[in-house]
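Novice: So here's run-v3.tsv (TSV, C-alpha atoms).
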chain	number	residue	atom	x	y	z
A	10	MET	CA	9.90	11.09	-39.22
A	11	GLN	CA	7.44	11.57	-36.38
A	12	ASN	CA	6.36	15.03	-35.33
A	13	THR	CA	7.89	16.48	-32.19
A	14	PRO	CA	5.45	15.89	-29.29
A	15	GLN	CA	3.55	18.85	-27.94
A	16	ALA	CA	4.58	20.23	-24.57
A	17	PHE	CA	2.47	18.98	-21.67
A	18	THR	CA	2.07	18.95	-17.91
A	19	PHE	CA	0.84	15.73	-16.33
A	20	VAL	CA	-0.44	15.72	-12.74
A	21	HIS	CA	-0.83	12.62	-10.60
A	22	SER	CA	-0.35	12.62	-6.82
A	23	ASN	CA	-1.73	9.20	-5.81
A	24	ARG	CA	0.98	6.86	-4.49
A	25	ARG	CA	-0.44	3.39	-4.83
A	26	VAL	CA	-3.38	1.58	-6.46
A	27	ILE	CA	-4.20	-1.92	-5.22
A	28	SER	CA	-6.75	-3.98	-7.13
A	29	ALA	CA	-7.99	-7.34	-5.88
A	30	TRP	CA	-11.33	-9.08	-5.60
A	31	GLY	CA	-11.85	-9.24	-1.83
A	32	GLY	CA	-9.13	-6.63	-1.36
A	33	MET	CA	-10.93	-5.14	1.66
A	34	ASP	CA	-9.21	-7.87	3.64
A	35	LYS	CA	-5.95	-5.95	3.14
A	36	LEU	CA	-7.08	-3.00	5.30
A	37	GLY	CA	-5.66	-4.43	8.50
A	38	GLU	CA	-2.36	-5.19	6.81
A	39	LEU	CA	-2.15	-1.65	5.41
A	40	ALA	CA	-2.91	-0.16	8.84
A	41	ARG	CA	-0.19	-2.26	10.47
A	42	GLU	CA	2.25	-1.36	7.71
A	43	ALA	CA	1.61	2.32	8.49
A	44	GLY	CA	2.00	1.82	12.25
A	45	ALA	CA	-1.45	3.31	12.77
A	46	SER	CA	-3.10	3.34	16.18
A	47	ARG	CA	-5.99	5.85	15.83
A	48	PRO	CA	-8.16	4.74	12.90
A	49	ALA	CA	-11.12	6.73	11.59
A	50	VAL	CA	-13.52	5.51	8.93
A	51	VAL	CA	-15.80	7.69	6.79
A	52	MET	CA	-18.54	5.66	5.09
A	53	ASP	CA	-21.71	6.17	3.10
A	54	GLY	CA	-24.68	6.22	5.45
A	55	PHE	CA	-26.08	3.24	3.53
A	56	PHE	CA	-23.55	1.03	5.36
A	57	GLU	CA	-24.38	2.15	8.91
A	58	ASN	CA	-25.11	-0.84	11.18
A	59	GLY	CA	-24.33	-3.17	8.29
A	60	GLU	CA	-22.02	-6.13	7.76
A	61	LEU	CA	-19.37	-4.15	5.91
A	62	ALA	CA	-18.96	-1.59	8.70
A	63	ALA	CA	-18.66	-4.38	11.26
A	64	ARG	CA	-16.07	-6.15	9.11
A	65	VAL	CA	-14.02	-2.98	8.69
A	66	GLY	CA	-14.23	-2.16	12.39
A	67	ALA	CA	-13.07	-5.62	13.42
A	68	ALA	CA	-10.11	-5.61	11.01
A	69	LEU	CA	-8.90	-2.17	12.07
A	70	HIS	CA	-9.39	-2.83	15.77
A	71	ALA	CA	-7.27	-5.96	15.48
A	72	ALA	CA	-4.58	-4.12	13.53
A	73	CYS	CA	-4.48	-0.88	15.54
A	74	GLY	CA	-5.42	-2.08	19.01
A	75	ASN	CA	-7.90	0.75	19.55
A	76	THR	CA	-11.54	1.59	19.04
A	77	VAL	CA	-12.36	2.68	15.51
A	78	ALA	CA	-14.08	6.04	15.06
A	79	PHE	CA	-16.85	5.87	12.43
A	80	HIS	CA	-18.57	8.76	10.69
A	81	PHE	CA	-21.42	8.05	8.27
A	82	VAL	CA	-22.06	10.50	5.45
A	83	PRO	CA	-25.65	11.53	4.60
A	84	ALA	CA	-27.19	10.05	1.46
A	85	HIS	CA	-27.26	13.32	-0.47
A	86	GLU	CA	-24.32	14.68	-2.46
A	87	PRO	CA	-21.70	16.50	-0.35
A	88	ASP	CA	-22.24	20.06	0.75
A	89	THR	CA	-20.43	22.39	3.09
A	90	VAL	CA	-22.63	21.36	6.02
A	91	SER	CA	-21.94	17.62	5.68
A	92	ILE	CA	-18.22	18.25	5.14
A	93	GLU	CA	-17.92	20.35	8.28
A	94	ALA	CA	-19.82	17.72	10.29
A	95	CYS	CA	-17.34	15.12	9.09
A	96	ALA	CA	-14.41	17.41	9.95
A	97	ALA	CA	-15.75	17.80	13.48
A	98	ALA	CA	-15.96	14.02	13.86
A	99	LEU	CA	-12.41	13.58	12.54
A	100	THR	CA	-11.11	16.32	14.84
A	101	ALA	CA	-12.57	14.45	17.81
A	102	ALA	CA	-10.95	11.21	16.65
A	103	ASN	CA	-7.49	12.75	16.00
A	104	PRO	CA	-6.75	9.97	13.47
A	105	ASP	CA	-3.42	8.79	12.15
A	106	ILE	CA	-5.19	6.80	9.42
A	107	VAL	CA	-8.40	7.81	7.62
A	108	ILE	CA	-10.26	5.32	5.46
A	109	ALA	CA	-13.01	6.55	3.12
A	110	ILE	CA	-15.40	3.86	1.91
A	111	GLY	CA	-18.28	4.41	-0.48
A	112	GLY	CA	-19.17	6.34	-3.58
A	113	GLY	CA	-17.92	9.74	-4.57
A	114	SER	CA	-19.94	11.48	-1.86
A	115	ALA	CA	-18.20	9.65	0.98
A	116	MET	CA	-14.74	9.93	-0.58
A	117	ASP	CA	-15.06	13.62	-1.47
A	118	THR	CA	-16.44	14.41	1.99
A	119	ALA	CA	-13.57	12.61	3.69
A	120	LYS	CA	-10.95	14.26	1.48
A	121	VAL	CA	-12.06	17.81	2.19
A	122	ALA	CA	-12.85	17.15	5.87
A	123	ARG	CA	-9.37	15.70	6.44
A	124	LEU	CA	-7.85	18.78	4.78
A	125	LEU	CA	-9.64	20.91	7.37
A	126	LEU	CA	-7.82	19.08	10.18
A	127	SER	CA	-4.55	20.76	9.26
A	128	ASN	CA	-6.09	23.88	7.69
A	129	PRO	CA	-8.77	24.99	10.15
A	130	GLY	CA	-11.68	27.06	8.93
A	131	THR	CA	-14.81	26.57	6.87
A	132	ALA	CA	-15.14	24.23	3.94
A	133	GLU	CA	-15.82	27.14	1.62
A	134	ALA	CA	-12.56	28.79	2.71
A	135	VAL	CA	-10.48	25.92	1.31
A	136	SER	CA	-12.37	25.71	-2.00
A	137	GLY	CA	-10.87	26.95	-5.23
A	138	PHE	CA	-7.61	26.49	-7.08
A	139	GLY	CA	-4.00	27.45	-6.60
A	140	LYS	CA	-4.06	27.51	-2.80
A	141	ARG	CA	-1.31	26.10	-0.61
A	142	PHE	CA	-2.34	23.83	2.24
A	143	ARG	CA	-0.57	22.22	5.16
A	144	PRO	CA	-0.61	18.42	4.80
A	145	HIS	CA	-2.19	16.26	7.47
A	146	ALA	CA	0.01	13.54	8.90
A	147	SER	CA	-2.58	10.77	8.60
A	148	LEU	CA	-2.53	8.09	5.92
A	149	LEU	CA	-5.56	8.38	3.63
A	150	ILE	CA	-6.97	5.24	2.01
A	151	ALA	CA	-9.96	5.38	-0.34
A	152	VAL	CA	-12.11	2.36	-1.13
A	153	PRO	CA	-14.73	2.95	-3.85
A	154	THR	CA	-17.92	0.88	-3.74
A	155	THR	CA	-19.13	2.05	-7.15
A	156	ALA	CA	-17.36	2.37	-10.50
A	157	GLY	CA	-17.87	6.00	-11.38
A	158	THR	CA	-16.35	9.02	-9.71
A	159	GLY	CA	-12.71	7.96	-9.53
A	160	SER	CA	-12.38	10.08	-6.39
A	161	GLU	CA	-9.99	7.47	-5.01
A	162	VAL	CA	-7.17	8.78	-7.25
A	163	SER	CA	-8.20	12.39	-7.77
A	164	GLU	CA	-6.84	15.49	-6.06
A	165	SER	CA	-10.18	17.25	-6.48
A	166	ALA	CA	-13.60	17.15	-4.87
A	167	VAL	CA	-16.94	18.82	-5.50
A	168	ALA	CA	-19.53	19.97	-2.97
A	169	GLY	CA	-22.67	22.04	-2.93
A	170	LYS	CA	-23.21	25.25	-1.06
A	171	PRO	CA	-26.77	25.37	0.28
A	172	GLY	CA	-28.77	28.09	-1.46
A	173	SER	CA	-26.31	28.47	-4.35
A	174	ASP	CA	-26.60	27.62	-8.06
A	175	ILE	CA	-22.98	26.49	-8.24
A	176	LYS	CA	-20.87	23.76	-6.75
A	177	LEU	CA	-17.64	24.47	-4.94
A	178	ILE	CA	-14.53	22.90	-6.43
A	179	PHE	CA	-11.72	21.78	-4.15
A	180	ARG	CA	-8.31	20.92	-5.52
A	181	SER	CA	-5.04	20.11	-3.83
A	182	PRO	CA	-2.52	17.26	-4.00
A	183	GLU	CA	-2.88	17.18	-0.20
A	184	MET	CA	-6.38	15.73	-0.73
A	185	THR	CA	-5.34	12.84	-2.95
A	186	PRO	CA	-5.69	9.47	-1.21
A	187	HIS	CA	-2.31	7.87	-0.67
A	188	ILE	CA	-3.72	4.42	-1.41
A	189	ALA	CA	-6.65	3.52	-3.65
A	190	LEU	CA	-7.97	0.06	-2.78
A	191	LEU	CA	-10.09	-1.35	-5.61
A	192	ASP	CA	-12.25	-4.25	-4.46
A	193	ALA	CA	-14.90	-4.84	-7.11
A	194	SER	CA	-16.76	-7.32	-4.90
A	195	LEU	CA	-18.07	-4.31	-2.96
A	196	SER	CA	-19.96	-3.05	-6.03
A	197	VAL	CA	-21.98	-6.25	-6.59
A	198	SER	CA	-24.78	-5.12	-4.28
A	199	ALA	CA	-25.17	-1.71	-5.93
A	200	PRO	CA	-28.65	-1.19	-7.41
A	201	ALA	CA	-28.76	-1.40	-11.20
A	202	ALA	CA	-29.65	2.30	-11.51
A	203	ILE	CA	-26.53	3.24	-9.51
A	204	THR	CA	-24.36	0.98	-11.66
A	205	ALA	CA	-25.72	2.66	-14.79
A	206	ALA	CA	-25.45	6.26	-13.63
A	207	SER	CA	-22.07	5.92	-11.93
A	208	GLY	CA	-20.75	3.99	-14.91
A	209	TYR	CA	-21.85	6.72	-17.29
A	210	ASP	CA	-20.09	9.21	-15.03
A	211	ALA	CA	-16.87	7.25	-15.61
A	212	VAL	CA	-17.58	7.23	-19.35
A	213	THR	CA	-17.97	11.00	-19.27
A	214	HIS	CA	-14.70	11.39	-17.37
A	215	ALA	CA	-12.88	9.29	-19.96
A	216	VAL	CA	-14.39	10.97	-23.02
A	217	GLU	CA	-14.04	14.53	-21.78
A	218	ALA	CA	-10.48	13.98	-20.56
A	219	TYR	CA	-9.61	12.42	-23.93
A	220	VAL	CA	-10.78	15.41	-25.98
A	221	SER	CA	-9.93	18.16	-23.50
A	222	ARG	CA	-7.68	21.02	-24.55
A	223	ALA	CA	-5.37	19.92	-21.70
A	224	SER	CA	-5.16	16.28	-22.82
A	225	SER	CA	-1.69	14.94	-23.54
A	226	VAL	CA	0.32	11.93	-24.59
A	227	MET	CA	0.40	11.02	-20.87
A	228	SER	CA	-3.33	11.26	-20.14
A	229	ASP	CA	-4.66	9.87	-23.45
A	230	PRO	CA	-3.68	6.22	-22.86
A	231	PHE	CA	-5.54	6.17	-19.53
A	232	ALA	CA	-8.61	7.78	-21.11
A	233	GLU	CA	-8.62	5.51	-24.15
A	234	SER	CA	-8.20	2.34	-22.08
A	235	ALA	CA	-11.04	3.45	-19.80
A	236	MET	CA	-13.34	4.10	-22.78
A	237	ARG	CA	-12.64	0.72	-24.34
A	238	LEU	CA	-13.10	-1.16	-21.06
A	239	LEU	CA	-16.36	0.62	-20.29
A	240	GLY	CA	-17.59	0.11	-23.84
A	241	GLN	CA	-16.94	-3.60	-23.45
A	242	TRP	CA	-18.06	-4.23	-19.85
A	243	LEU	CA	-20.44	-1.57	-18.50
A	244	VAL	CA	-23.65	-2.95	-19.99
A	245	THR	CA	-22.69	-6.42	-18.74
A	246	ALA	CA	-22.16	-5.06	-15.21
A	247	TYR	CA	-25.57	-3.41	-15.44
A	248	LYS	CA	-27.36	-6.54	-16.64
A	249	GLU	CA	-25.30	-9.13	-14.71
A	250	PRO	CA	-24.47	-7.46	-11.39
A	251	ALA	CA	-22.63	-10.46	-9.97
A	252	ASN	CA	-20.31	-10.83	-12.98
A	253	PRO	CA	-16.83	-10.49	-11.42
A	254	ALA	CA	-15.03	-9.68	-14.68
A	255	ALA	CA	-17.47	-6.91	-15.58
A	256	ARG	CA	-17.38	-5.42	-12.09
A	257	SER	CA	-13.59	-5.55	-11.90
A	258	TRP	CA	-12.91	-4.06	-15.32
A	259	CYS	CA	-15.43	-1.25	-14.79
A	260	LEU	CA	-13.82	-0.31	-11.48
A	261	ILE	CA	-10.36	-0.30	-13.06
A	262	ALA	CA	-11.69	1.79	-15.97
A	263	SER	CA	-13.23	4.30	-13.56
A	264	CYS	CA	-9.85	4.64	-11.85
A	265	GLN	CA	-8.07	5.09	-15.18
A	266	ALA	CA	-10.55	7.74	-16.29
A	267	ALA	CA	-9.95	9.68	-13.09
A	268	ILE	CA	-6.17	9.57	-13.54
A	269	ALA	CA	-6.77	11.05	-16.98
A	270	PHE	CA	-9.15	13.83	-15.92
A	271	ASN	CA	-7.11	14.69	-12.84
A	272	SER	CA	-4.55	16.01	-15.29
A	273	ALA	CA	-6.54	16.79	-18.45
A	274	ASN	CA	-9.67	18.27	-16.83
A	275	LEU	CA	-13.15	17.86	-18.34
A	276	GLY	CA	-15.58	19.76	-20.57
A	277	LEU	CA	-19.10	20.99	-21.26
A	278	ALA	CA	-20.92	17.90	-19.98
A	279	HIS	CA	-19.49	18.50	-16.53
A	280	ALA	CA	-20.10	22.23	-16.83
A	281	ILE	CA	-23.79	21.37	-17.30
A	282	ALA	CA	-23.92	18.52	-14.77
A	283	ALA	CA	-22.74	20.63	-11.84
A	284	PRO	CA	-25.61	23.16	-11.89
A	285	LEU	CA	-28.06	20.37	-12.80
A	286	GLY	CA	-27.15	18.92	-9.43
A	287	ALA	CA	-27.02	22.22	-7.56
A	288	LEU	CA	-30.25	23.66	-8.95
A	289	HIS	CA	-32.36	20.59	-9.69
A	290	HIS	CA	-30.85	17.85	-7.49
A	291	VAL	CA	-30.09	15.58	-10.43
A	292	ALA	CA	-27.60	12.89	-9.39
A	293	HIS	CA	-24.21	13.60	-10.94
A	294	GLY	CA	-23.90	10.46	-13.08
A	295	LEU	CA	-27.41	10.89	-14.46
A	296	ALA	CA	-26.70	14.55	-15.18
A	297	ASN	CA	-23.68	13.54	-17.23
A	298	ALA	CA	-25.76	10.97	-19.10
A	299	LEU	CA	-28.28	13.67	-19.98
A	300	ALA	CA	-25.52	15.95	-21.27
A	301	LEU	CA	-22.74	13.91	-22.88
A	302	PRO	CA	-24.40	12.71	-26.13
A	303	ALA	CA	-25.49	16.26	-27.00
A	304	VAL	CA	-22.15	17.75	-25.97
A	305	THR	CA	-20.34	15.16	-28.09
A	306	ALA	CA	-22.51	15.94	-31.11
A	307	TYR	CA	-21.63	19.61	-30.61
A	308	ASN	CA	-17.90	18.81	-30.23
A	309	GLU	CA	-17.50	16.11	-32.87
A	310	ALA	CA	-16.20	18.29	-35.69
A	311	SER	CA	-13.52	19.66	-33.35
A	312	MET	CA	-12.29	16.27	-32.09
A	313	GLY	CA	-10.14	15.37	-35.06
A	314	ALA	CA	-8.98	11.74	-35.21
A	315	LYS	CA	-10.12	11.19	-31.64
A	316	ALA	CA	-13.75	11.14	-32.77
A	317	ALA	CA	-13.18	7.83	-34.57
A	318	VAL	CA	-11.49	6.35	-31.50
A	319	ILE	CA	-14.50	7.21	-29.34
A	320	ALA	CA	-16.88	5.81	-31.97
A	321	SER	CA	-14.90	2.57	-32.05
A	322	ALA	CA	-14.83	2.28	-28.24
A	323	PHE	CA	-18.60	2.54	-27.96
A	324	GLY	CA	-19.67	0.80	-31.17
A	325	GLY	CA	-21.12	3.72	-33.09
A	326	ALA	CA	-20.82	5.09	-36.61
A	327	SER	CA	-19.86	8.33	-34.86
A	328	ALA	CA	-18.76	9.27	-31.36
A	329	ALA	CA	-22.14	10.82	-30.57
A	330	GLU	CA	-23.99	7.74	-31.85
A	331	GLY	CA	-21.85	5.36	-29.79
A	332	LEU	CA	-22.50	7.31	-26.61
A	333	ALA	CA	-26.23	7.47	-27.38
A	334	LYS	CA	-26.36	3.70	-27.91
A	335	LEU	CA	-24.63	3.11	-24.58
A	336	ARG	CA	-26.98	5.50	-22.78
A	337	LEU	CA	-30.00	3.72	-24.27
A	338	ALA	CA	-28.69	0.31	-23.20
A	339	LEU	CA	-28.32	1.61	-19.64
A	340	GLU	CA	-31.90	2.99	-19.65
A	341	LEU	CA	-30.67	6.55	-19.10
A	342	ASP	CA	-32.09	8.03	-22.33
A	343	LEU	CA	-34.30	10.65	-20.69
A	344	SER	CA	-35.51	14.12	-21.58
A	345	LEU	CA	-34.09	17.14	-19.79
A	346	ASP	CA	-37.70	18.34	-19.47
A	347	ARG	CA	-38.25	15.72	-16.78
A	348	PHE	CA	-35.90	17.67	-14.50
A	349	VAL	CA	-35.84	21.21	-15.96
A	350	PRO	CA	-39.36	21.79	-17.30
A	351	THR	CA	-39.48	25.52	-18.11
A	352	ASP	CA	-37.73	27.95	-20.43
A	353	GLU	CA	-36.86	30.12	-17.44
A	354	ALA	CA	-35.21	27.23	-15.62
A	355	ARG	CA	-33.25	26.20	-18.71
A	356	GLU	CA	-31.97	29.74	-19.17
A	357	LYS	CA	-30.81	29.82	-15.55
A	358	LEU	CA	-29.11	26.46	-16.12
A	359	ALA	CA	-27.35	27.74	-19.25
A	360	GLN	CA	-26.10	30.83	-17.45
A	361	ALA	CA	-24.84	28.75	-14.51
A	362	ALA	CA	-23.08	26.24	-16.79
A	363	MET	CA	-21.17	29.02	-18.52
A	364	LYS	CA	-19.60	29.97	-15.17
A	365	SER	CA	-17.71	26.66	-15.03
A	366	GLY	CA	-13.96	26.57	-15.58
A	367	GLN	CA	-14.52	23.39	-17.61
A	368	VAL	CA	-16.00	25.46	-20.47
A	369	ARG	CA	-12.54	26.63	-21.52
A	370	MET	CA	-11.21	23.04	-21.47
A	371	ASN	CA	-13.79	21.87	-24.01
A	372	PRO	CA	-12.38	21.17	-27.51
A	373	ARG	CA	-14.89	23.60	-29.03
A	374	LEU	CA	-15.27	26.94	-27.29
A	375	ALA	CA	-18.92	27.53	-26.49
A	376	THR	CA	-20.94	30.73	-26.33
A	377	ILE	CA	-24.10	31.16	-24.30
A	378	GLU	CA	-26.06	30.63	-27.54
A	379	ASP	CA	-24.25	27.32	-28.05
A	380	MET	CA	-25.04	26.29	-24.48
A	381	ARG	CA	-28.72	27.05	-25.03
A	382	ALA	CA	-28.68	24.91	-28.19
A	383	ILE	CA	-27.08	22.00	-26.32
A	384	LEU	CA	-29.73	22.21	-23.59
A	385	GLU	CA	-32.45	22.33	-26.24
A	386	SER	CA	-31.02	19.15	-27.79
A	387	MET	CA	-31.04	17.48	-24.37
A	388	ARG	CA	-34.83	17.82	-24.28
A	389	THR	CA	-35.20	15.08	-26.93
A	390	PRO	CA	-34.23	11.48	-26.13
A	391	THR	CA	-31.95	10.13	-28.85
A	392	GLY	CA	-32.59	6.41	-28.82
A	393	ALA	CA	-29.66	4.78	-30.59
A	394	ALA	CA	-29.05	7.74	-32.90
A	395	ALA	CA	-26.65	10.65	-32.57
A	396	ALA	CA	-28.01	13.77	-30.92
A	397	ARG	CA	-28.66	16.84	-33.08
A	398	VAL	CA	-27.53	20.26	-31.89
A	399	ALA	CA	-28.76	23.22	-33.92
A	400	VAL	CA	-25.69	25.49	-34.04
In structure tokens, what does this structure look like?
Specialist:
Amino acid sequence: MQNTPQAFTFVHSNRRVISAWGGMDKLGELAREAGASRPAVVMDGFFENGELAARVGAALHAACGNTVAFHFVPAHEPDTVSIEACAAALTAANPDIVIAIGGGSAMDTAKVARLLLSNPGTAEAVSGFGKRFRPHASLLIAVPTTAGTGSEVSESAVAGKPGSDIKLIFRSPEMTPHIALLDASLSVSAPAAITAASGYDAVTHAVEAYVSRASSVMSDPFAESAMRLLGQWLVTAYKEPANPAARSWCLIASCQAAIAFNSANLGLAHAIAAPLGALHHVAHGLANALALPAVTAYNEASMGAKAAVIASAFGGASAAEGLAKLRLALELDLSLDRFVPTDEAREKLAQAAMKSGQVRMNPRLATIEDMRAILESMRTPTGAAAARVAV
């Protein structure tokens, strides 16, 4: 007889996921289906004056019969200043459909900025958890151009606050895109370094959601599928950028991982990655790659049977070894010292990481001494071997 399943709460507020190579061509159809007439597009600044922006503008103009309002997001990770600039642009456009196109920065910026349309105030005022917000009437469509953040199906966003050692967390089902449009052809032009770092971000989402204290029978299948797909296809996408199968499966895996972490939350790797970005401007995916192998070595004894599943997904004798091998293959096996070179800076990083709510979601509860040991381990590249954490 099987054991009675544990109680769980599963959260998922996205309405529709559409996956198709060349799926961007569906934007006009989706706008017409919604009866939209005032389209606004939020895009990564990389696309300004480019072919993709022109293509999107033409499709939406034909479908909506009006000029399309564009706002291009700065290249850096979102902060309260860039979010409020986007909100001002959206306010001027008064959109009935908002389309976010790009990586996590563009999608997170658009999600929070749109929330400010119906909940006026500062970006910082709407950060945090457990707040009630008025929904905005516009349809929100998210189109990721990298396989990593999963922001297209998540009800959360992260942004910096200039001058602070933390990142603000935003969470509300009112921020979740109604439609996630997965078109892997858009990721073909991504530089190899972006493919590697964003892909390892997706890996971290999947692994941490899988072993989180809030994981459940509902979130685990999404996390496990994402791990196995990324284990099979991510290195191929990195080495063969035009490979349509690799690009498509990695984008689907990133989406699956986000569905999992949207409900199950994350862990110590993300607790470390956030202040690495805030204090030392380390890109989020790279920060996760620096942290996850050491965090997994620290967690492994507390993972139970899930440790073997992770090891199998990434081809290692242990979970930590598998994740180290993947990191090495993606050329992300770097020392923390390259970014955080002093004892003083590492202590500040440890203290900041312990402030994260993700610490309590980790399968092994960490003390500040444990966090210091993990950061010490991160100073030594692992090659294809499991990290060692002296705790």
Novice: Expressed in Å to a single decimal, how great is the separation between CA of Ala361 (chain A) and CA of Ala280 (chain A)?
Specialist: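 Between CA of Ala361 (chain A) and CA of Ala280 (chain A) the gap works out to 8.4 Å.
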Novice: Would you compute the box with edges along x, y and z of the file around region 50-61 of chain A, including every atom the file lists for it and 6 Å extra on each side, and give its centre and edge lengths in Å to one decimal, as AutoDock Vina command-line options?
Specialist:
--center_x -19.8 --center_y 0.8 --center_z 7.1 --size_x 24.6 --size_y 25.8 --size_z 20.1
Novice: Between A:Gly32, A:Gly294, A:Gly286, A:Pro104, which has the minimum distance to Lys176 (chain A) (counting all atoms listed in the file)?
Specialist: A:Gly286
Novice: Which neighbours of Lys364 (chain A) fall inside 10 Å, counting only C-alpha atoms, when residues of the same chain fewer than 2 positions from it are skipped, and could you give them as a ChimeraX atom specification?
Specialist: /A:175,280-281,284,359-362,366-368
Novice: Quick one: residues within 12 Å of Glu93 (chain A), only C-alpha atoms, excluding same-chain residues fewer than 2 positions away - as number ranges by chain?
Specialist: A: 80, 82, 87-91, 95-100, 118-126, 129-135, 168, 170
Novice: Store the residues picked out above in a file with C-alpha atoms, as a CSV table (one decimal), in the frame of the given file.
Specialist:
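The resulting result20.csv:
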chain,number,residue,atom,x,y,z
A,80,HIS,CA,-18.6,8.8,10.7
A,82,VAL,CA,-22.1,10.5,5.4
A,87,PRO,CA,-21.7,16.5,-0.4
A,88,ASP,CA,-22.2,20.1,0.8
A,89,THR,CA,-20.4,22.4,3.1
A,90,VAL,CA,-22.6,21.4,6.0
A,91,SER,CA,-21.9,17.6,5.7
A,95,CYS,CA,-17.3,15.1,9.1
A,96,ALA,CA,-14.4,17.4,10.0
A,97,ALA,CA,-15.8,17.8,13.5
A,98,ALA,CA,-16.0,14.0,13.9
A,99,LEU,CA,-12.4,13.6,12.5
A,100,THR,CA,-11.1,16.3,14.8
A,118,THR,CA,-16.4,14.4,2.0
A,119,ALA,CA,-13.6,12.6,3.7
A,120,LYS,CA,-11.0,14.3,1.5
A,121,VAL,CA,-12.1,17.8,2.2
A,122,ALA,CA,-12.8,17.2,5.9
A,123,ARG,CA,-9.4,15.7,6.4
A,124,LEU,CA,-7.8,18.8,4.8
A,125,LEU,CA,-9.6,20.9,7.4
A,126,LEU,CA,-7.8,19.1,10.2
A,129,PRO,CA,-8.8,25.0,10.2
A,130,GLY,CA,-11.7,27.1,8.9
A,131,THR,CA,-14.8,26.6,6.9
A,132,ALA,CA,-15.1,24.2,3.9
A,133,GLU,CA,-15.8,27.1,1.6
A,134,ALA,CA,-12.6,28.8,2.7
A,135,VAL,CA,-10.5,25.9,1.3
A,168,ALA,CA,-19.5,20.0,-3.0
A,170,LYS,CA,-23.2,25.2,-1.1
Novice: Would you work out the distance separating CA of Ser163 (chain A) from CA of Ile268 (chain A), expressed in Å to one decimal?
Specialist: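 Pair CA of Ser163 (chain A) / CA of Ile268 (chain A) returns 6.7 Å.
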Novice: Of the residues A:Arg347, A:Arg143, A:Arg237, A:Lys248, which is the one nearest to Thr204 (chain A), using only C-alpha atoms?
Specialist: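 Nearest to Thr204 (chain A): A:Lys248.
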Novice: Enter the distance from CA of Ile110 (chain A) to CA of Met52 (chain A), in Å, rounded to one decimal.
Specialist: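 Taking CA of Ile110 (chain A) and CA of Met52 (chain A), their separation equals 4.8 Å.
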Novice: If you take only C-alpha atoms and a cut-off of 12 Å, which residues of region 369-398 of chain A touch region 314-325 of chain A, and what are their nearest atom pairs and distances in Å to one decimal, in chain and number order, as CSV?
Specialist:
residue,atom,partner,partner_atom,distance
A:Pro372,CA,A:Lys315,CA,11.0
A:Ala393,CA,A:Gly325,CA,9.0
A:Ala394,CA,A:Gly325,CA,8.9
A:Ala395,CA,A:Gly325,CA,8.9
Novice: Given the choices A:Ala84, A:Leu36, A:Ile383, A:Ala102, which gets closest to His70 (chain A) if the distance is worked out from all atoms listed in the file?
Specialist: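 Distance minimum relative to His70 (chain A) lands on A:Leu36.
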Novice: Using only C-alpha atoms, which residues sit within 8 Å of Ala223 (chain A) once same-chain residues fewer than 3 positions away are excluded, as a PyMOL selection string?
Specialist: chain A and resi 17+218+272-274+370
Novice: Taking the point (-13.5, -6.1, -17.0) as given in the file, collect each protein or nucleic acid residue that comes within 10 Å of it, counting only C-alpha atoms, and present the set as number ranges by chain.
Specialist: A: 238-239, 241-243, 245-246, 252-262
Novice: Which polymer residues have any atom within 7 Å of an atom of Ala215 (chain A), counting only C-alpha atoms, with same-chain residues fewer than 5 positions away left out, as number ranges by chain?
Specialist: A: 232, 235-236, 266
Novice: Given only C-alpha atoms as the basis, pick out the residue of A:Pro171, A:Glu86, A:Pro390, A:Val197 nearest to Val291 (chain A).
Specialist: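 Ranked by minimum distance to Val291 (chain A), first place goes to A:Glu86.
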Novice: If you count only C-alpha atoms, which residues fall within 9 Å of Val162 (chain A), apart from same-chain ones fewer than 6 positions away, as an mmCIF file with C-alpha atoms, in the frame of the given file?
Specialist:
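The resulting file, result-v6.cif, is reproduced below:
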data_model
loop_
_atom_site.group_PDB
_atom_site.id
_atom_site.type_symbol
_atom_site.label_atom_id
_atom_site.label_comp_id
_atom_site.auth_asym_id
_atom_site.auth_seq_id
_atom_site.Cartn_x
_atom_site.Cartn_y
_atom_site.Cartn_z
ATOM 1 C CA HIS A 21 -0.830 12.620 -10.600
ATOM 2 C CA SER A 22 -0.350 12.620 -6.820
ATOM 3 C CA ASN A 23 -1.730 9.200 -5.810
ATOM 4 C CA ARG A 24 0.980 6.860 -4.490
ATOM 5 C CA ARG A 25 -0.440 3.390 -4.830
ATOM 6 C CA VAL A 26 -3.380 1.580 -6.460
ATOM 7 C CA ALA A 151 -9.960 5.380 -0.340
ATOM 8 C CA THR A 185 -5.340 12.840 -2.950
ATOM 9 C CA PRO A 186 -5.690 9.470 -1.210
ATOM 10 C CA HIS A 187 -2.310 7.870 -0.670
ATOM 11 C CA ILE A 188 -3.720 4.420 -1.410
ATOM 12 C CA ALA A 189 -6.650 3.520 -3.650
ATOM 13 C CA CYS A 264 -9.850 4.640 -11.850
ATOM 14 C CA GLN A 265 -8.070 5.090 -15.180
ATOM 15 C CA ALA A 267 -9.950 9.680 -13.090
ATOM 16 C CA ILE A 268 -6.170 9.570 -13.540
ATOM 17 C CA ASN A 271 -7.110 14.690 -12.840
#
Novice: Restricting the calculation to all atoms listed in the file: of A:Val20, A:Met363, A:Ala328, A:Leu345, which residue gets closest to Val216 (chain A)?
Specialist: A:Ala328
Novice: Kindly extract all protein, DNA and RNA residues lying within 10 Å of the coordinates (-17.1, 15.1, -19.1) given in the file, considering all atoms listed in the file, and supply them as a ChimeraX atom specification.
Specialist: /A:209-221,270,274-282,297-298,300-301,304-305,367,371
